[in-house]
>>> print(open('input22.txt').read())   # compact mmCIF, C-alpha atoms
# COMPACT_ATOMS: atom_id res chain seq x y z
CA MET A 29 56.22 60.36 -110.29
CA ALA A 30 57.07 59.33 -106.73
CA SER A 31 60.51 57.82 -106.15
CA VAL A 32 61.03 54.45 -104.49
CA MET A 33 62.25 56.20 -101.34
CA ASP A 34 59.10 58.37 -101.22
CA LYS A 35 56.96 55.23 -101.51
CA ILE A 36 58.88 53.56 -98.68
CA LYS A 37 58.47 56.62 -96.46
CA ALA A 38 54.75 56.81 -97.24
CA LYS A 39 54.25 53.12 -96.47
CA THR A 40 56.22 53.43 -93.23
CA ALA A 41 54.10 56.40 -92.14
CA GLU A 42 50.94 54.49 -93.02
CA LEU A 43 51.98 51.45 -90.97
CA LYS A 44 53.00 53.61 -88.03
CA ASN A 45 49.67 55.46 -88.10
CA GLN A 46 47.82 52.15 -88.28
CA GLN A 47 49.78 50.81 -85.33
CA ASN A 48 48.98 53.92 -83.28
CA ASN A 49 45.29 53.63 -84.14
CA ASP A 50 45.26 49.94 -83.23
CA THR A 51 46.94 50.69 -79.90
CA LYS A 52 44.47 53.49 -79.16
CA LEU A 53 41.54 51.22 -80.04
CA GLU A 54 42.92 48.45 -77.85
CA VAL A 55 43.17 50.84 -74.88
CA GLU A 56 39.62 52.06 -75.46
CA VAL A 57 38.25 48.50 -75.64
CA GLN A 58 40.20 46.97 -72.77
CA TYR A 59 40.10 49.78 -70.22
CA SER A 60 37.63 49.47 -67.37
CA SER A 61 37.67 51.78 -64.37
CA LYS A 62 38.45 50.10 -61.05
CA ILE A 63 37.42 53.11 -58.97
CA GLU A 64 34.05 53.36 -57.26
CA TYR A 65 33.43 57.09 -57.67
CA GLU A 66 30.29 56.91 -55.55
CA GLU A 67 32.63 56.43 -52.57
CA PHE A 68 34.06 59.85 -53.43
CA GLY A 69 30.57 61.33 -53.43
CA ILE A 70 30.65 61.72 -57.22
CA VAL A 71 27.34 60.85 -58.88
CA GLU A 72 27.35 63.25 -61.83
CA ASN A 73 28.07 61.26 -65.01
CA GLU A 74 29.89 64.16 -66.67
CA VAL A 75 32.38 64.50 -63.82
CA LYS A 76 32.73 60.72 -63.52
CA ASN A 77 33.42 60.30 -67.25
CA ARG A 78 36.03 63.06 -67.20
CA LEU A 79 37.77 61.40 -64.25
CA ILE A 80 37.73 58.04 -66.04
CA ASP A 81 39.33 59.79 -69.00
CA CYS A 82 41.99 61.13 -66.60
CA GLU A 83 42.49 57.57 -65.36
CA LYS A 84 43.15 56.30 -68.86
CA LYS A 85 45.61 59.10 -69.59
CA ALA A 86 47.42 58.59 -66.26
CA ILE A 87 47.75 54.85 -66.88
CA HIS A 88 48.88 55.42 -70.47
CA HIS A 89 51.63 57.84 -69.43
CA ALA A 90 52.61 55.60 -66.50
CA ASN A 91 53.04 52.73 -68.98
CA GLU A 92 55.16 54.96 -71.19
CA MET A 93 57.25 55.92 -68.15
CA SER A 94 57.78 52.27 -67.24
CA LYS A 95 59.01 51.59 -70.78
CA SER A 96 61.45 54.50 -70.45
CA VAL A 97 62.66 53.24 -67.08
CA MET A 98 63.16 49.78 -68.55
CA GLU A 99 65.26 51.11 -71.43
CA LEU A 100 67.24 53.45 -69.16
CA SER A 101 67.93 50.57 -66.77
CA ARG A 102 69.45 48.54 -69.59
CA VAL A 103 71.46 51.52 -70.83
CA PHE A 104 72.85 52.31 -67.36
CA SER A 105 73.74 48.66 -66.80
CA GLU A 106 75.62 48.48 -70.11
CA ALA A 107 77.45 51.76 -69.46
CA GLN A 108 78.42 50.64 -65.96
CA VAL A 109 80.02 47.48 -67.37
CA LEU A 110 81.84 49.42 -70.08
CA LEU A 111 83.22 51.92 -67.57
CA ALA A 112 84.01 49.35 -64.85
CA ASN A 113 87.65 48.91 -65.88
CA HIS A 114 88.40 52.64 -65.93
CA HIS A 115 89.55 54.69 -62.97
CA GLY A 116 87.18 54.99 -60.00
CA GLY A 117 84.17 57.23 -60.23
CA SER A 118 83.98 57.24 -64.03
CA PHE A 119 80.46 55.76 -64.17
CA LYS A 120 79.14 58.25 -61.60
CA LYS A 121 80.78 61.11 -63.47
CA TRP A 122 79.32 59.78 -66.74
CA PHE A 123 75.68 59.79 -65.66
CA GLU A 124 76.01 63.05 -63.72
CA GLU A 125 77.36 64.72 -66.87
CA LEU A 126 74.10 63.60 -68.51
CA GLY A 127 72.05 65.19 -65.73
CA PHE A 128 70.93 62.02 -63.93
CA LYS A 129 70.77 61.75 -60.14
CA LYS A 130 72.61 58.99 -58.29
CA ASP A 131 69.53 57.63 -56.48
CA PHE A 132 67.58 57.33 -59.72
CA VAL A 133 70.41 55.60 -61.60
CA TYR A 134 71.11 53.03 -58.91
CA MET A 135 67.41 52.30 -58.54
CA CYS A 136 67.35 51.60 -62.28
CA LEU A 137 70.31 49.24 -61.85
CA LYS A 138 68.51 47.38 -59.06
CA ARG A 139 65.44 47.01 -61.25
CA ASN A 140 67.56 45.71 -64.13
CA ASP A 141 69.25 43.16 -61.85
CA LEU A 142 65.82 41.90 -60.79
CA PHE A 143 64.67 41.77 -64.41
CA LEU A 144 67.70 39.67 -65.38
CA GLN A 145 66.84 37.32 -62.55
CA LEU A 146 63.07 37.10 -63.08
CA SER A 147 62.49 38.13 -66.74
CA ASP A 148 59.38 39.96 -65.55
CA GLU A 149 58.76 43.55 -66.67
CA LYS A 150 56.71 44.21 -63.53
CA VAL A 151 59.99 44.93 -61.73
CA PHE A 152 60.03 48.25 -63.59
CA VAL A 153 56.71 49.43 -62.15
CA ILE A 154 56.66 48.20 -58.55
CA PRO A 155 57.39 50.85 -55.86
CA GLU A 156 60.97 51.80 -55.04
CA LYS A 157 60.57 50.67 -51.42
CA ALA A 158 59.66 47.20 -52.64
CA VAL A 159 62.72 47.10 -54.93
CA LYS A 160 65.02 48.17 -52.09
CA THR A 161 63.66 45.53 -49.73
CA ILE A 162 63.79 42.79 -52.37
CA SER A 163 67.42 43.70 -53.13
CA LYS A 164 68.24 43.32 -49.42
CA ILE A 165 66.62 39.92 -48.97
CA LYS A 166 66.64 38.23 -52.41
CA ASP A 167 69.72 36.15 -51.60
CA ARG A 168 68.05 34.81 -48.47
CA ILE A 169 64.75 33.72 -50.02
CA ASP A 170 63.72 31.41 -52.84
CA ILE A 171 63.26 32.88 -56.32
CA GLU A 172 59.59 31.87 -56.19
CA GLU A 173 59.19 34.10 -53.14
CA VAL A 174 60.74 37.00 -55.05
CA LYS A 175 58.25 36.40 -57.86
CA GLU A 176 55.45 36.32 -55.29
CA ILE A 177 56.46 39.77 -54.04
CA VAL A 178 56.72 41.28 -57.51
CA ASN A 179 53.34 39.91 -58.58
CA SER A 180 51.44 40.70 -55.38
CA GLU A 181 48.87 43.50 -55.22
CA LYS A 182 50.92 45.23 -52.51
CA PRO A 183 54.59 44.37 -53.21
CA THR A 184 55.94 46.82 -50.63
CA GLU A 185 53.94 45.25 -47.80
CA LYS A 186 54.69 41.72 -49.02
CA ALA A 187 58.44 42.43 -49.19
CA LYS A 188 58.40 43.96 -45.70
CA GLU A 189 56.50 40.96 -44.39
CA LYS A 190 59.18 38.58 -45.67
CA GLU A 191 61.95 40.83 -44.36
CA ASN A 192 60.35 40.80 -40.91
CA ARG A 193 60.08 37.02 -41.10
CA LEU A 194 63.79 36.80 -41.76
CA SER A 195 64.32 39.18 -38.82
CA GLY A 196 67.31 40.74 -40.56
CA ASP A 197 69.67 39.53 -37.82
CA PRO A 198 72.11 36.84 -39.05
CA THR A 199 73.35 36.19 -35.50
CA THR A 200 69.91 35.04 -34.33
CA GLU A 201 70.04 31.74 -36.19
CA ILE A 202 73.59 31.00 -34.97
CA VAL A 203 72.67 31.68 -31.34
CA GLU A 204 69.68 29.34 -31.66
CA ILE A 205 72.01 26.55 -32.78
CA GLU A 206 73.54 26.43 -29.29
CA PHE A 207 70.20 25.38 -27.88
CA THR A 208 69.29 22.89 -30.61
CA LYS A 209 69.24 19.28 -29.45
CA ASN A 210 70.00 16.15 -31.48
CA GLU A 211 71.28 17.98 -34.58
CA ASN A 212 74.65 18.22 -36.24
CA LYS A 213 75.67 21.64 -34.96
CA ILE A 214 78.90 21.73 -36.96
CA LYS A 215 77.04 21.18 -40.23
CA LEU A 216 74.45 23.82 -39.30
CA ILE A 217 77.13 26.38 -38.48
CA GLU A 218 79.00 25.62 -41.72
CA ASP A 219 75.78 26.10 -43.68
CA ARG A 220 75.14 29.44 -41.97
CA ILE A 221 78.71 30.60 -42.67
CA ALA A 222 78.37 29.72 -46.36
CA LYS A 223 74.99 31.46 -46.52
CA TYR A 224 76.14 34.69 -44.94
CA SER A 225 79.46 34.69 -46.79
CA LYS A 226 77.40 34.93 -49.98
CA ILE A 227 75.38 37.82 -48.54
CA ILE A 228 78.56 39.64 -47.48
CA LYS A 229 80.07 39.10 -50.95
CA ASN A 230 76.96 40.58 -52.59
CA LEU A 231 77.04 43.56 -50.25
CA GLU A 232 80.72 44.13 -51.05
CA GLU A 233 79.91 44.07 -54.77
CA GLU A 234 77.07 46.57 -54.24
CA LEU A 235 79.40 48.81 -52.24
CA LYS A 236 81.96 48.62 -55.03
CA THR A 237 79.26 49.59 -57.52
CA LEU A 238 78.18 52.57 -55.42
CA LYS A 239 81.78 53.77 -55.25
CA SER A 240 82.37 53.35 -59.00
>>> encode(input="input22.txt", output="structure tokens")
Amino acid sequence: MASVMDKIKAKTAELKNQQNNDTKLEVEVQYSSKIEYEEFGIVENEVKNRLIDCEKKAIHHANEMSKSVMELSRVFSEAQVLLANHHGGSFKKWFEELGFKKDFVYMCLKRNDLFLQLSDEKVFVIPEKAVKTISKIKDRIDIEEVKEIVNSEKPTEKAKEKENRLSGDPTTEIVEIEFTKNENKIKLIEDRIAKYSKIIKNLEEELKTLKS
């Protein structure tokens, strides 16, 4: 006669198997290829169907990777906070002891910062170049503009477009003030100082993080 624990294990396994089957079925039903294989010169159905199967597998594993990146980002962020009050370099030593590379870890931290700001899991799948650019300009643009970048079809290009619009040169706006007529120049300059003081503070905090 099966024990209570055996029954619990059996039920758990059954539910897990059912969940996996439901997920697999959902992928099968929802997936639709976005690639026009005729443009690749592929007209054979057998080859096309095998490539579509490769598509599904690639997307499935990419989704699994994004989930892993999301979890790692949260873990790294928590560890960084816990190690922040210990002597310099402890966080870097911690993740290197685990075999992680610096560039990967700090990219995860950037993604987590964006997630905390936007509550949008897309930040874990957009290209690294987009994340880097957003991190550089997010304090100089509205949060709705950040969301626009993250949700665009080409976030890297959209982020670069906004960066170019900002010009990236904080002195440009101040120089233009000298030639502005009929405006309160003192107020404008004070606003610019406050704005760029915030940017400098954020950069100092990022530098501190990189050195930790």
>>> residues_around(input="input22.txt", residues="Asp131 of chain A", least_positions_apart="6", cutoff="12 Å", atoms="only C-alpha atoms", output="PyMOL selection string")
chain A and resi 120+123-124+137-138+156+160+238
>>> atom_distance(input="input22.txt", atom1="atom CA of Ile154 of chain A", atom2="atom CA of Ile80 of chain A")
22.6 Å
>>> atom_distance(input="input22.txt", atom1="atom CA of Val153 of chain A", atom2="atom CA of Glu173 of chain A")
18.0 Å
>>> atom_distance(input="input22.txt", atom1="atom CA of Asn140 of chain A", atom2="atom CA of Met98 of chain A")
7.4 Å
>>> residues_around(input="input22.txt", residues="Lys166 of chain A", least_positions_apart="6", cutoff="12 Å", atoms="only C-alpha atoms", output="PyMOL selection string")
chain A and resi 138+141-142+145-146+158-160+172-178+187+190-191+194+226-227+230-231
>>> residues_around(input="input22.txt", residues="Ser94 of chain A", least_positions_apart="2", cutoff="10 Å", atoms="all atoms listed in the file", output="PyMOL selection string")
chain A and resi 88-92+96-100+149-154
